[in-house]
Every structure is written in C-alpha cells, then in structure tokens.
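Trainee: Take a look at this one; I'll ask things after.
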Amino acid sequence: MSMDLKGKKIVLGLTGGVACYKAAELCRALVKHGASVQVVMSEAATHFIGTVTMQALSGQPVFTDQWDPRMSNNMAHIDLTRHADAILVAPCSADFMRKLAHGACDDLLSTLCVARPRRVPLLAAPAMNVEMWENPATQRNVAQLLEDGICLFGPAAGSQACGETGLGRMLEADELVEELVASFQHKVLAGRRVLITAGPTFEPIDPVRGITNLSSGKMGYAVARAAREAGAEVTLVTGPTALPTPHGVRRIDVLTAQQMHDAVMAGVEGQHVFIGVAAVADWRVANASGQKIKKQEDGAAPQLEFVQNADILASVAATTSLSGWPYCVGFAAESENLVEFGAAKREKKGIPLLVGNIGPQTFGQDENTIILFDETGHTLLERADKLTLARQLVSEIAKRLERRSLLT
Ligand code: CTP
C-alpha cells in the first residue's frame, strides 16, 4: 500500500445517501494511505451510517452539530478546516450540492465548506438517483460548483440501490483515493493528450498456445496513471496484463504486436505525447496453425517460422517528422551495457527521449531504476517504486514540452 497521503489532513464530509456505506471503506483507505481524517456528518448522513463506525475507522471524534460544545471556542466550523489540506464530501447528495451552489450555512458541514480558507480545495463525490442527477436543477448546480472551482469526482454510471440504472453512483473507495491523490499532483500536462503502450504482446502459435514475455505492465500503467494525475487525457493501449485500469484512463486491450500497432496508428493523430512502454514482441509466428498442433508419434517438434513485427515506436516517430507531434518517448529493456546501448537505441529510433532499464531487474517488480537518455546525455533516476519513477518521468517530459513550445 503506497503512503501517497502521508501527512495529509483530510476533512471527510458525509451527507445523506445510501453511498454512506462506501464512505466507511473510503475512510479506512484514506487512513491506510497515511492521511489523518476528520469526519463531519450531516444529520441526514447519520440515518445511513453511525458516528461510532466513522469514529472507530478515523480514530478521531466525529462532528455533526454546529453547536457542538467540545471545541473550546465553540467554533467547529472554523477550527476544523484551518489545518486541513482538503475537504472531501463523499457522498455528496443532490441537496448538499444545492447548498454548496448557494453558499448555504444551515448546518456544520455546509458552514464549514463556506468558511474554509481559500487555499483548502473542496472536492465532492456526487451520489444520487439517476433522475436526480439528470434533473436540470441539479445540472445547474453542477455547473455552478464547477465555476466556483469545486472539483467533482464522478459520478459513475451503473445499477443503483433504488433499482434504476444510470449516472449517479458514487465512485468506489479506491477510485476516490486515486482522485484525491491526483488532486495533490502538479498539473504539468494539463490540456495534453498522451498515448501510451504497456504490457507484453502475445503472438499465437496455434489457438491455445503463444509466445509472450515477462512484462507485467506495471511500469506502463504507472506512467498512464502519472500522466493522468498531471492533467493529461490518457489513452492506454495494453497487451494482456492482470492490472486494473488507472482511474480516468481510456484503455484499449490488444493481444498481438500487429493489433497494438494498428490501435496506436489509429489513435496517434492529435496526440501530444507518445510513450512506448510495452515490451513488444519483435517477431510473430509466420506459420501459426488454425488448429491445435498435435504431438507427433516420432517426437518431432513443430517447425515454427518467424517474421519480424512492425516497430510501433518507429512508425509513430515517422509521423512526427510531418507535424512535429507527438513527442516520442521510448523504453529500452536491455540485459547489459545499458548506458552504451540506451544512447545508441535513442539515436537509432530517432526519438528525443529514451528511458533505459535492465529487463530482468524490472519485469514484474514493483521497483525499478531508470536512466533517461536525451540529446544532452543521460541522467539516472534512483531506485524507487514505479509510480514515483513514472511521476518523475512525466515531469521530465513536461519540462521538455515546455522548452519545445518556447522554442517554436
Ligand atoms: N518497440 C515498438 N515496436 C516493436 C518493438 C519495440 O514500439 N516492434 C518499442 C518499445 O515499446 C520500446 C522501444 O521500442 O519503447 C524499445 O524496445 P526494445 O525491445 O528495447 O528495443 P528493440 O527496438 O526491440 O531492439 P532490440 O530488441 O534489438 O534491443
């Protein structure tokens, strides 16, 4: 479990809705990620979940009443946010959105939101019935909240507790944690579109067998998450992995190198950055069988023939020469002589930035060490977990994009 929220002080506001049951899990997840959580509940929320549960999970007394005498100055609406890093209202009901949109101050949570210092971001996870969400009055409030700089997480679409289906479900606890963590990251890729490949490819031998490699996809998925956290619109073209899609990332699943090539080339137009993290198979089986290959009586092994796959990174880099976009970043998985091979590979691929790593030390691991190669030489990024490295890489890419736009 990452400690991405270590030292962060979060005010977790609960308002009335069935999704309060998810707030318990959210509270626990925030604490596990290192946050200190102060729970404040509206009166309606207490009909859905008890204060005892939230106090036990947060480890701190829960506040519900604006006249609560426990604060020595009796000003809970001021004191609870003065050291906060963010206020997250989850679930945020349709009625509480109305209150926020109008600056209502008729209970502790609404008053506390209006009285928060300007530096404290207000984040809300709407949760309501689909008709309530789509109602024009709610949508007017949504527009007002966004205009006021209040950040909305979700809602998601799906089946609802009321039996209806549609937009209005609160995001799941782990998605909200991802959103909250992202809200603390610098938006260095805001307005940028980023296309990323990740994972291994799988090259069939017959309908039940194939050739693949040891890539787990962890680095590529971490890069996708980091780019999205930095404000980019991210598309992830991925070979087979067992990983969940980073929240807010558009994912396209493929199997073979050829499918990955086709998906990338179909989506490359309009992209600002292309990052090829995938461990693409260099060859596919030319004589793959349509039926399962049977063992021979005489023990003879099947004779496989190979043909080279298209180089996806090179194909994208070739489109760059026409428009100047996308900015291309490659990965090199070597087994030796990384400094020498990495620099040579960057030149050969004709790309501005290449990330080198030692294949056997990264495949399937949670941590990695990488070297960045560009036209000025190489820089080592010390061993760290892949998300930390991915965030450093994203910030290095953003710096280079910035420099490029200053030059053009
Ligand atoms: N790559 C690609 N398409 C391929 C092969 C590789 O897009 N058919 C990309 C990878 O995603 C990575 C970079 O090229 O960003 C380098 O991959 P790597 O396997 O290290 O290099 P190769 O070009 O395959 O060279 P070699 O295997 O000979 O070292």
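Letters A, B, ... mark the chains of the structure tokens in the order given; residue numbers begin at 1 per chain; ligand numbers begin at 1, in order shown.
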With a distance cut-off of 12 Å and only C-alpha atoms, select the neighbouring residues of Asp95 (chain A), excluding the residue or stretch itself and same-chain residues fewer than 6 positions from it, and output the selection as a count of residues only.
Mentor: 19
Trainee: Distance limit 7 Å, reference ligand 1, atoms considered: only C-alpha atoms and all ligand atoms. Which residues make the cut? Give them as a ChimeraX atom specification.
Mentor: /A:197,257,275-282,309-314,329-334
Trainee: Could you tell me which of A:Thr388, A:Ser159, A:Thr256, A:Gln185 comes closest to Asn213 (chain A) if we count only C-alpha atoms?
Mentor: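 Of A:Thr388, A:Ser159, A:Thr256, A:Gln185, the one nearest Asn213 (chain A), counting only C-alpha atoms, is A:Thr256.
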Trainee: Write out as a list in words which residues come within 12 Å of Ser405 (chain A) when counting only C-alpha atoms, dropping same-chain ones fewer than 2 positions away.
Mentor: His272, Gly324, Trp325, Tyr327, Ala398, Lys399, Arg400, Leu401, Glu402, Arg403, Leu407 and Thr408 of chain A
Trainee: If we count only C-alpha atoms, what is near region 25-27 of chain A at a cut-off of 7 Å, once residues fewer than 4 positions away on the same chain are taken out, given as a list in words?
Mentor: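 Here the qualifying residues turn out to be Val31, Leu57, Ser58 and Ala173 of chain A.
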Trainee: Would you save the residues of that selection, restricted to N, CA and C atoms, as a PDB file, in the first residue's frame?
Mentor:
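Now in result23.pdb:
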```
ATOM      1  N   VAL A  31      -6.963   6.484   5.714  1.00  0.00           N
ATOM      2  CA  VAL A  31      -6.073   6.297   6.864  1.00  0.00           C
ATOM      3  C   VAL A  31      -4.912   5.372   6.477  1.00  0.00           C
ATOM      4  N   LEU A  57     -13.200   4.125  12.624  1.00  0.00           N
ATOM      5  CA  LEU A  57     -12.357   3.997  11.434  1.00  0.00           C
ATOM      6  C   LEU A  57     -11.373   5.157  11.286  1.00  0.00           C
ATOM      7  N   SER A  58     -11.805   6.354  11.679  1.00  0.00           N
ATOM      8  CA  SER A  58     -10.917   7.521  11.513  1.00  0.00           C
ATOM      9  C   SER A  58     -10.013   7.696  12.728  1.00  0.00           C
ATOM     10  N   ALA A 173     -14.351   3.413  -3.317  1.00  0.00           N
ATOM     11  CA  ALA A 173     -13.363   3.992  -2.393  1.00  0.00           C
ATOM     12  C   ALA A 173     -11.974   4.109  -3.029  1.00  0.00           C
TER      13      ALA A 173
END
```
Trainee: As a list in words, please: the residues near Ile205 (chain A) (cut-off 8 Å, only C-alpha atoms, same-chain neighbours under 3 positions excluded).
Mentor: Val208, Arg209, Gly210, Ile211, Val285, Asn287, Ala288 and Ser289 of chain A
Trainee: Next, dump the selected residues to file, keeping only C-alpha atoms, as a tab-separated table (two decimals), in the first residue's frame.
Mentor:
```tsv
chain	number	residue	atom	x	y	z
A	208	VAL	CA	-4.22	-22.36	-27.44
A	209	ARG	CA	-0.52	-21.51	-27.37
A	210	GLY	CA	1.60	-18.49	-27.96
A	211	ILE	CA	4.83	-16.60	-27.34
A	285	VAL	CA	4.96	-16.87	-35.90
A	287	ASN	CA	3.10	-20.28	-39.90
A	288	ALA	CA	0.74	-20.16	-36.89
A	289	SER	CA	-1.72	-23.03	-37.07
```
Trainee: Set the distance at 6 Å and use only C-alpha atoms: which residues neighbour Phe373 (chain A) once local chain neighbours fewer than 5 positions away are removed? I'd like the list as a PDB file with all heavy atoms, in the first residue's frame.
Mentor:
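Written out: selection.pdb:
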```
ATOM      1  N   LEU A 353      13.657  11.293 -26.496  1.00  0.00           N
ATOM      2  CA  LEU A 353      13.874  10.812 -25.124  1.00  0.00           C
ATOM      3  C   LEU A 353      13.699   9.296 -25.067  1.00  0.00           C
ATOM      4  O   LEU A 353      12.705   8.759 -25.584  1.00  0.00           O
ATOM      5  CB  LEU A 353      12.864  11.490 -24.187  1.00  0.00           C
ATOM      6  CG  LEU A 353      12.991  11.199 -22.691  1.00  0.00           C
ATOM      7  CD1 LEU A 353      14.323  11.692 -22.133  1.00  0.00           C
ATOM      8  CD2 LEU A 353      11.841  11.855 -21.920  1.00  0.00           C
ATOM      9  N   LEU A 354      14.655   8.630 -24.436  1.00  0.00           N
ATOM     10  CA  LEU A 354      14.552   7.182 -24.265  1.00  0.00           C
ATOM     11  C   LEU A 354      14.825   6.835 -22.801  1.00  0.00           C
ATOM     12  O   LEU A 354      15.710   7.412 -22.178  1.00  0.00           O
ATOM     13  CB  LEU A 354      15.554   6.456 -25.164  1.00  0.00           C
ATOM     14  CG  LEU A 354      15.437   4.931 -25.075  1.00  0.00           C
ATOM     15  CD1 LEU A 354      15.051   4.323 -26.424  1.00  0.00           C
ATOM     16  CD2 LEU A 354      16.726   4.302 -24.582  1.00  0.00           C
ATOM     17  N   HIS A 378      22.913  11.459 -20.447  1.00  0.00           N
ATOM     18  CA  HIS A 378      21.991  10.604 -19.693  1.00  0.00           C
ATOM     19  C   HIS A 378      21.929  10.993 -18.225  1.00  0.00           C
ATOM     20  O   HIS A 378      22.872  11.562 -17.677  1.00  0.00           O
ATOM     21  CB  HIS A 378      22.354   9.125 -19.862  1.00  0.00           C
ATOM     22  CG  HIS A 378      23.671   8.752 -19.266  1.00  0.00           C
ATOM     23  ND1 HIS A 378      24.855   8.791 -19.965  1.00  0.00           N
ATOM     24  CD2 HIS A 378      23.989   8.332 -18.020  1.00  0.00           C
ATOM     25  CE1 HIS A 378      25.847   8.401 -19.193  1.00  0.00           C
ATOM     26  NE2 HIS A 378      25.349   8.124 -17.993  1.00  0.00           N
TER      27      HIS A 378
END
```
Trainee: Near Ala266 (chain A), within 12 Å and counting only C-alpha atoms, which residues show up once chain neighbours fewer than 2 positions away are dropped, as an NGL selection string?
Mentor: :A and (195 or 235 or 237 or 252 or 259-264 or 268-271 or 312 or 315-316)
Trainee: Looking only at alpha helix (DSSP H) from DSSP on the backbone, list the matching residues of region 128-233 of chain A as an MDAnalysis selection string.
Mentor: chainID A and resid 130:134 136:147 173:183 218:229
Trainee: Enumerate as a PDB file with all heavy atoms, in the first residue's frame all residues of region 341-397 of chain A assigned to strand (DSSP E) by DSSP on the backbone, naming them with the chain letters and numbers the document uses.
Mentor:
```pdb
ATOM      1  N   LEU A 353      13.657  11.293 -26.496  1.00  0.00           N
ATOM      2  CA  LEU A 353      13.874  10.812 -25.124  1.00  0.00           C
ATOM      3  C   LEU A 353      13.699   9.296 -25.067  1.00  0.00           C
ATOM      4  O   LEU A 353      12.705   8.759 -25.584  1.00  0.00           O
ATOM      5  CB  LEU A 353      12.864  11.490 -24.187  1.00  0.00           C
ATOM      6  CG  LEU A 353      12.991  11.199 -22.691  1.00  0.00           C
ATOM      7  CD1 LEU A 353      14.323  11.692 -22.133  1.00  0.00           C
ATOM      8  CD2 LEU A 353      11.841  11.855 -21.920  1.00  0.00           C
ATOM      9  N   LEU A 354      14.655   8.630 -24.436  1.00  0.00           N
ATOM     10  CA  LEU A 354      14.552   7.182 -24.265  1.00  0.00           C
ATOM     11  C   LEU A 354      14.825   6.835 -22.801  1.00  0.00           C
ATOM     12  O   LEU A 354      15.710   7.412 -22.178  1.00  0.00           O
ATOM     13  CB  LEU A 354      15.554   6.456 -25.164  1.00  0.00           C
ATOM     14  CG  LEU A 354      15.437   4.931 -25.075  1.00  0.00           C
ATOM     15  CD1 LEU A 354      15.051   4.323 -26.424  1.00  0.00           C
ATOM     16  CD2 LEU A 354      16.726   4.302 -24.582  1.00  0.00           C
ATOM     17  N   VAL A 355      14.000   5.932 -22.269  1.00  0.00           N
ATOM     18  CA  VAL A 355      14.145   5.507 -20.877  1.00  0.00           C
ATOM     19  C   VAL A 355      14.754   4.111 -20.885  1.00  0.00           C
ATOM     20  O   VAL A 355      14.167   3.182 -21.455  1.00  0.00           O
ATOM     21  CB  VAL A 355      12.753   5.442 -20.194  1.00  0.00           C
ATOM     22  CG1 VAL A 355      12.901   5.081 -18.722  1.00  0.00           C
ATOM     23  CG2 VAL A 355      11.999   6.760 -20.368  1.00  0.00           C
ATOM     24  N   GLY A 356      15.910   3.985 -20.274  1.00  0.00           N
ATOM     25  CA  GLY A 356      16.576   2.686 -20.268  1.00  0.00           C
ATOM     26  C   GLY A 356      16.422   1.978 -18.940  1.00  0.00           C
ATOM     27  O   GLY A 356      16.442   2.622 -17.879  1.00  0.00           O
ATOM     28  N   ASN A 357      16.200   0.698 -18.995  1.00  0.00           N
ATOM     29  CA  ASN A 357      16.238  -0.108 -17.761  1.00  0.00           C
ATOM     30  C   ASN A 357      16.734  -1.514 -18.076  1.00  0.00           C
ATOM     31  O   ASN A 357      16.795  -1.927 -19.232  1.00  0.00           O
ATOM     32  CB  ASN A 357      14.911  -0.104 -16.994  1.00  0.00           C
ATOM     33  CG  ASN A 357      13.686  -0.495 -17.805  1.00  0.00           C
ATOM     34  OD1 ASN A 357      12.585  -0.369 -17.345  1.00  0.00           O
ATOM     35  ND2 ASN A 357      13.864  -0.986 -19.019  1.00  0.00           N
ATOM     36  N   ILE A 358      17.111  -2.212 -17.011  1.00  0.00           N
ATOM     37  CA  ILE A 358      17.605  -3.581 -17.184  1.00  0.00           C
ATOM     38  C   ILE A 358      16.400  -4.514 -17.075  1.00  0.00           C
ATOM     39  O   ILE A 358      15.764  -4.591 -16.010  1.00  0.00           O
ATOM     40  CB  ILE A 358      18.658  -3.912 -16.096  1.00  0.00           C
ATOM     41  CG1 ILE A 358      19.879  -2.996 -16.225  1.00  0.00           C
ATOM     42  CG2 ILE A 358      19.060  -5.385 -16.162  1.00  0.00           C
ATOM     43  CD1 ILE A 358      20.776  -3.251 -17.416  1.00  0.00           C
ATOM     44  N   GLU A 367       9.537  -2.106  -8.034  1.00  0.00           N
ATOM     45  CA  GLU A 367      10.507  -1.007  -8.052  1.00  0.00           C
ATOM     46  C   GLU A 367      11.393  -1.123  -9.286  1.00  0.00           C
ATOM     47  O   GLU A 367      11.445  -2.173  -9.925  1.00  0.00           O
ATOM     48  CB  GLU A 367      11.394  -1.075  -6.807  1.00  0.00           C
ATOM     49  CG  GLU A 367      10.635  -0.794  -5.532  1.00  0.00           C
ATOM     50  CD  GLU A 367      11.570  -0.575  -4.355  1.00  0.00           C
ATOM     51  OE1 GLU A 367      12.737  -0.999  -4.441  1.00  0.00           O
ATOM     52  OE2 GLU A 367      11.122   0.036  -3.372  1.00  0.00           O
ATOM     53  N   ASN A 368      12.081  -0.044  -9.591  1.00  0.00           N
ATOM     54  CA  ASN A 368      12.937  -0.048 -10.773  1.00  0.00           C
ATOM     55  C   ASN A 368      13.975   1.060 -10.623  1.00  0.00           C
ATOM     56  O   ASN A 368      13.850   1.930  -9.768  1.00  0.00           O
ATOM     57  CB  ASN A 368      12.061   0.201 -12.020  1.00  0.00           C
ATOM     58  CG  ASN A 368      12.759  -0.172 -13.315  1.00  0.00           C
ATOM     59  OD1 ASN A 368      13.862  -0.714 -13.316  1.00  0.00           O
ATOM     60  ND2 ASN A 368      12.102   0.116 -14.429  1.00  0.00           N
ATOM     61  N   THR A 369      14.988   1.003 -11.474  1.00  0.00           N
ATOM     62  CA  THR A 369      15.944   2.105 -11.618  1.00  0.00           C
ATOM     63  C   THR A 369      15.935   2.429 -13.097  1.00  0.00           C
ATOM     64  O   THR A 369      15.946   1.503 -13.923  1.00  0.00           O
ATOM     65  CB  THR A 369      17.374   1.640 -11.246  1.00  0.00           C
ATOM     66  OG1 THR A 369      17.327   1.068  -9.949  1.00  0.00           O
ATOM     67  CG2 THR A 369      18.358   2.791 -11.287  1.00  0.00           C
ATOM     68  N   ILE A 370      15.883   3.701 -13.459  1.00  0.00           N
ATOM     69  CA  ILE A 370      15.864   4.010 -14.891  1.00  0.00           C
ATOM     70  C   ILE A 370      16.910   5.075 -15.224  1.00  0.00           C
ATOM     71  O   ILE A 370      17.338   5.835 -14.360  1.00  0.00           O
ATOM     72  CB  ILE A 370      14.457   4.457 -15.393  1.00  0.00           C
ATOM     73  CG1 ILE A 370      13.936   5.680 -14.642  1.00  0.00           C
ATOM     74  CG2 ILE A 370      13.470   3.322 -15.299  1.00  0.00           C
ATOM     75  CD1 ILE A 370      12.546   6.130 -15.104  1.00  0.00           C
ATOM     76  N   ILE A 371      17.295   5.080 -16.490  1.00  0.00           N
ATOM     77  CA  ILE A 371      18.214   6.106 -16.977  1.00  0.00           C
ATOM     78  C   ILE A 371      17.523   6.815 -18.136  1.00  0.00           C
ATOM     79  O   ILE A 371      16.969   6.164 -19.031  1.00  0.00           O
ATOM     80  CB  ILE A 371      19.548   5.487 -17.465  1.00  0.00           C
ATOM     81  CG1 ILE A 371      20.228   4.729 -16.331  1.00  0.00           C
ATOM     82  CG2 ILE A 371      20.476   6.570 -18.002  1.00  0.00           C
ATOM     83  CD1 ILE A 371      21.591   4.146 -16.692  1.00  0.00           C
ATOM     84  N   LEU A 372      17.533   8.144 -18.088  1.00  0.00           N
ATOM     85  CA  LEU A 372      16.932   8.920 -19.191  1.00  0.00           C
ATOM     86  C   LEU A 372      18.026   9.324 -20.162  1.00  0.00           C
ATOM     87  O   LEU A 372      19.051   9.880 -19.754  1.00  0.00           O
ATOM     88  CB  LEU A 372      16.269  10.192 -18.649  1.00  0.00           C
ATOM     89  CG  LEU A 372      15.200  10.033 -17.577  1.00  0.00           C
ATOM     90  CD1 LEU A 372      14.564  11.392 -17.272  1.00  0.00           C
ATOM     91  CD2 LEU A 372      14.140   9.036 -18.016  1.00  0.00           C
ATOM     92  N   PHE A 373      17.802   9.036 -21.435  1.00  0.00           N
ATOM     93  CA  PHE A 373      18.761   9.433 -22.480  1.00  0.00           C
ATOM     94  C   PHE A 373      18.124  10.519 -23.343  1.00  0.00           C
ATOM     95  O   PHE A 373      17.003  10.314 -23.841  1.00  0.00           O
ATOM     96  CB  PHE A 373      19.097   8.240 -23.380  1.00  0.00           C
ATOM     97  CG  PHE A 373      19.781   7.116 -22.655  1.00  0.00           C
ATOM     98  CD1 PHE A 373      19.038   6.102 -22.060  1.00  0.00           C
ATOM     99  CD2 PHE A 373      21.174   7.067 -22.570  1.00  0.00           C
ATOM    100  CE1 PHE A 373      19.674   5.059 -21.386  1.00  0.00           C
ATOM    101  CE2 PHE A 373      21.812   6.019 -21.903  1.00  0.00           C
ATOM    102  CZ  PHE A 373      21.053   5.019 -21.308  1.00  0.00           C
ATOM    103  N   ASP A 374      18.810  11.641 -23.487  1.00  0.00           N
ATOM    104  CA  ASP A 374      18.339  12.637 -24.456  1.00  0.00           C
ATOM    105  C   ASP A 374      19.546  13.186 -25.201  1.00  0.00           C
ATOM    106  O   ASP A 374      20.657  12.648 -25.070  1.00  0.00           O
ATOM    107  CB  ASP A 374      17.486  13.724 -23.781  1.00  0.00           C
ATOM    108  CG  ASP A 374      18.286  14.599 -22.839  1.00  0.00           C
ATOM    109  OD1 ASP A 374      19.526  14.454 -22.787  1.00  0.00           O
ATOM    110  OD2 ASP A 374      17.658  15.425 -22.151  1.00  0.00           O
ATOM    111  N   GLY A 377      22.771  13.845 -23.120  1.00  0.00           N
ATOM    112  CA  GLY A 377      23.479  12.791 -22.393  1.00  0.00           C
ATOM    113  C   GLY A 377      22.504  11.910 -21.638  1.00  0.00           C
ATOM    114  O   GLY A 377      21.392  11.676 -22.114  1.00  0.00           O
ATOM    115  N   HIS A 378      22.913  11.459 -20.447  1.00  0.00           N
ATOM    116  CA  HIS A 378      21.991  10.604 -19.693  1.00  0.00           C
ATOM    117  C   HIS A 378      21.929  10.993 -18.225  1.00  0.00           C
ATOM    118  O   HIS A 378      22.872  11.562 -17.677  1.00  0.00           O
ATOM    119  CB  HIS A 378      22.354   9.125 -19.862  1.00  0.00           C
ATOM    120  CG  HIS A 378      23.671   8.752 -19.266  1.00  0.00           C
ATOM    121  ND1 HIS A 378      24.855   8.791 -19.965  1.00  0.00           N
ATOM    122  CD2 HIS A 378      23.989   8.332 -18.020  1.00  0.00           C
ATOM    123  CE1 HIS A 378      25.847   8.401 -19.193  1.00  0.00           C
ATOM    124  NE2 HIS A 378      25.349   8.124 -17.993  1.00  0.00           N
ATOM    125  N   THR A 379      20.768  10.710 -17.600  1.00  0.00           N
ATOM    126  CA  THR A 379      20.516  11.033 -16.185  1.00  0.00           C
ATOM    127  C   THR A 379      19.951   9.794 -15.507  1.00  0.00           C
ATOM    128  O   THR A 379      19.011   9.182 -16.032  1.00  0.00           O
ATOM    129  CB  THR A 379      19.427  12.130 -16.066  1.00  0.00           C
ATOM    130  OG1 THR A 379      19.627  13.091 -17.091  1.00  0.00           O
ATOM    131  CG2 THR A 379      19.414  12.780 -14.701  1.00  0.00           C
ATOM    132  N   LEU A 380      20.489   9.477 -14.333  1.00  0.00           N
ATOM    133  CA  LEU A 380      19.994   8.309 -13.585  1.00  0.00           C
ATOM    134  C   LEU A 380      18.873   8.727 -12.640  1.00  0.00           C
ATOM    135  O   LEU A 380      18.994   9.717 -11.930  1.00  0.00           O
ATOM    136  CB  LEU A 380      21.148   7.714 -12.770  1.00  0.00           C
ATOM    137  CG  LEU A 380      20.757   6.552 -11.857  1.00  0.00           C
ATOM    138  CD1 LEU A 380      20.668   5.247 -12.647  1.00  0.00           C
ATOM    139  CD2 LEU A 380      21.759   6.403 -10.717  1.00  0.00           C
ATOM    140  N   LEU A 381      17.744   8.010 -12.677  1.00  0.00           N
ATOM    141  CA  LEU A 381      16.708   8.198 -11.655  1.00  0.00           C
ATOM    142  C   LEU A 381      16.825   7.035 -10.687  1.00  0.00           C
ATOM    143  O   LEU A 381      16.666   5.874 -11.068  1.00  0.00           O
ATOM    144  CB  LEU A 381      15.304   8.259 -12.269  1.00  0.00           C
ATOM    145  CG  LEU A 381      15.030   9.384 -13.273  1.00  0.00           C
ATOM    146  CD1 LEU A 381      13.542   9.434 -13.625  1.00  0.00           C
ATOM    147  CD2 LEU A 381      15.470  10.745 -12.747  1.00  0.00           C
ATOM    148  N   GLU A 382      17.161   7.374  -9.442  1.00  0.00           N
ATOM    149  CA  GLU A 382      17.454   6.375  -8.402  1.00  0.00           C
ATOM    150  C   GLU A 382      16.323   5.363  -8.222  1.00  0.00           C
ATOM    151  O   GLU A 382      15.157   5.691  -8.456  1.00  0.00           O
ATOM    152  CB  GLU A 382      17.677   7.070  -7.053  1.00  0.00           C
ATOM    153  CG  GLU A 382      18.861   8.016  -6.991  1.00  0.00           C
ATOM    154  CD  GLU A 382      20.201   7.288  -6.965  1.00  0.00           C
ATOM    155  OE1 GLU A 382      20.208   6.047  -6.777  1.00  0.00           O
ATOM    156  OE2 GLU A 382      21.233   7.967  -7.141  1.00  0.00           O
ATOM    157  N   ARG A 383      16.677   4.190  -7.701  1.00  0.00           N
ATOM    158  CA  ARG A 383      15.704   3.123  -7.467  1.00  0.00           C
ATOM    159  C   ARG A 383      14.534   3.621  -6.618  1.00  0.00           C
ATOM    160  O   ARG A 383      14.723   4.268  -5.586  1.00  0.00           O
ATOM    161  CB  ARG A 383      16.390   1.941  -6.771  1.00  0.00           C
ATOM    162  CG  ARG A 383      15.519   0.704  -6.726  1.00  0.00           C
ATOM    163  CD  ARG A 383      16.323  -0.566  -6.527  1.00  0.00           C
ATOM    164  NE  ARG A 383      15.439  -1.725  -6.643  1.00  0.00           N
ATOM    165  CZ  ARG A 383      15.112  -2.293  -7.797  1.00  0.00           C
ATOM    166  NH1 ARG A 383      15.612  -1.839  -8.925  1.00  0.00           N
ATOM    167  NH2 ARG A 383      14.284  -3.328  -7.835  1.00  0.00           N
ATOM    168  N   ALA A 384      13.324   3.358  -7.099  1.00  0.00           N
ATOM    169  CA  ALA A 384      12.116   3.797  -6.387  1.00  0.00           C
ATOM    170  C   ALA A 384      10.962   2.955  -6.888  1.00  0.00           C
ATOM    171  O   ALA A 384      11.109   2.194  -7.861  1.00  0.00           O
ATOM    172  CB  ALA A 384      11.853   5.269  -6.662  1.00  0.00           C
ATOM    173  N   ASP A 385       9.788   3.080  -6.245  1.00  0.00           N
ATOM    174  CA  ASP A 385       8.627   2.352  -6.756  1.00  0.00           C
ATOM    175  C   ASP A 385       8.232   2.957  -8.112  1.00  0.00           C
ATOM    176  O   ASP A 385       8.567   4.107  -8.420  1.00  0.00           O
ATOM    177  CB  ASP A 385       7.464   2.391  -5.753  1.00  0.00           C
ATOM    178  CG  ASP A 385       6.936   3.789  -5.583  1.00  0.00           C
ATOM    179  OD1 ASP A 385       7.492   4.529  -4.742  1.00  0.00           O
ATOM    180  OD2 ASP A 385       6.027   4.173  -6.311  1.00  0.00           O
TER     181      ASP A 385
END
```
Trainee: So that each row is one residue of region 68-95 of chain A with an atom at most 7 Å from region 1-10 of chain A, can you give its shortest atom pair and the distance in Å to one decimal, using only C-alpha atoms, rows by chain and rising number, as a Markdown table?
Mentor:
```
| residue | atom | partner | partner_atom | distance |
| --- | --- | --- | --- | --- |
| A:Ala84 | CA | A:Lys9 | CA | 4.9 |
| A:Asp85 | CA | A:Lys9 | CA | 5.3 |
| A:Ala86 | CA | A:Ile10 | CA | 5.3 |
| A:Ile87 | CA | A:Ile10 | CA | 5.8 |
```
Trainee: Which residue out of A:Ala222, A:Ala300, A:Ile49, A:Ala115 has the minimum interatomic distance to Thr245 (chain A) when only C-alpha atoms are used?
Mentor: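 That would be A:Ala222, the residue with the smallest distance to Thr245 (chain A).
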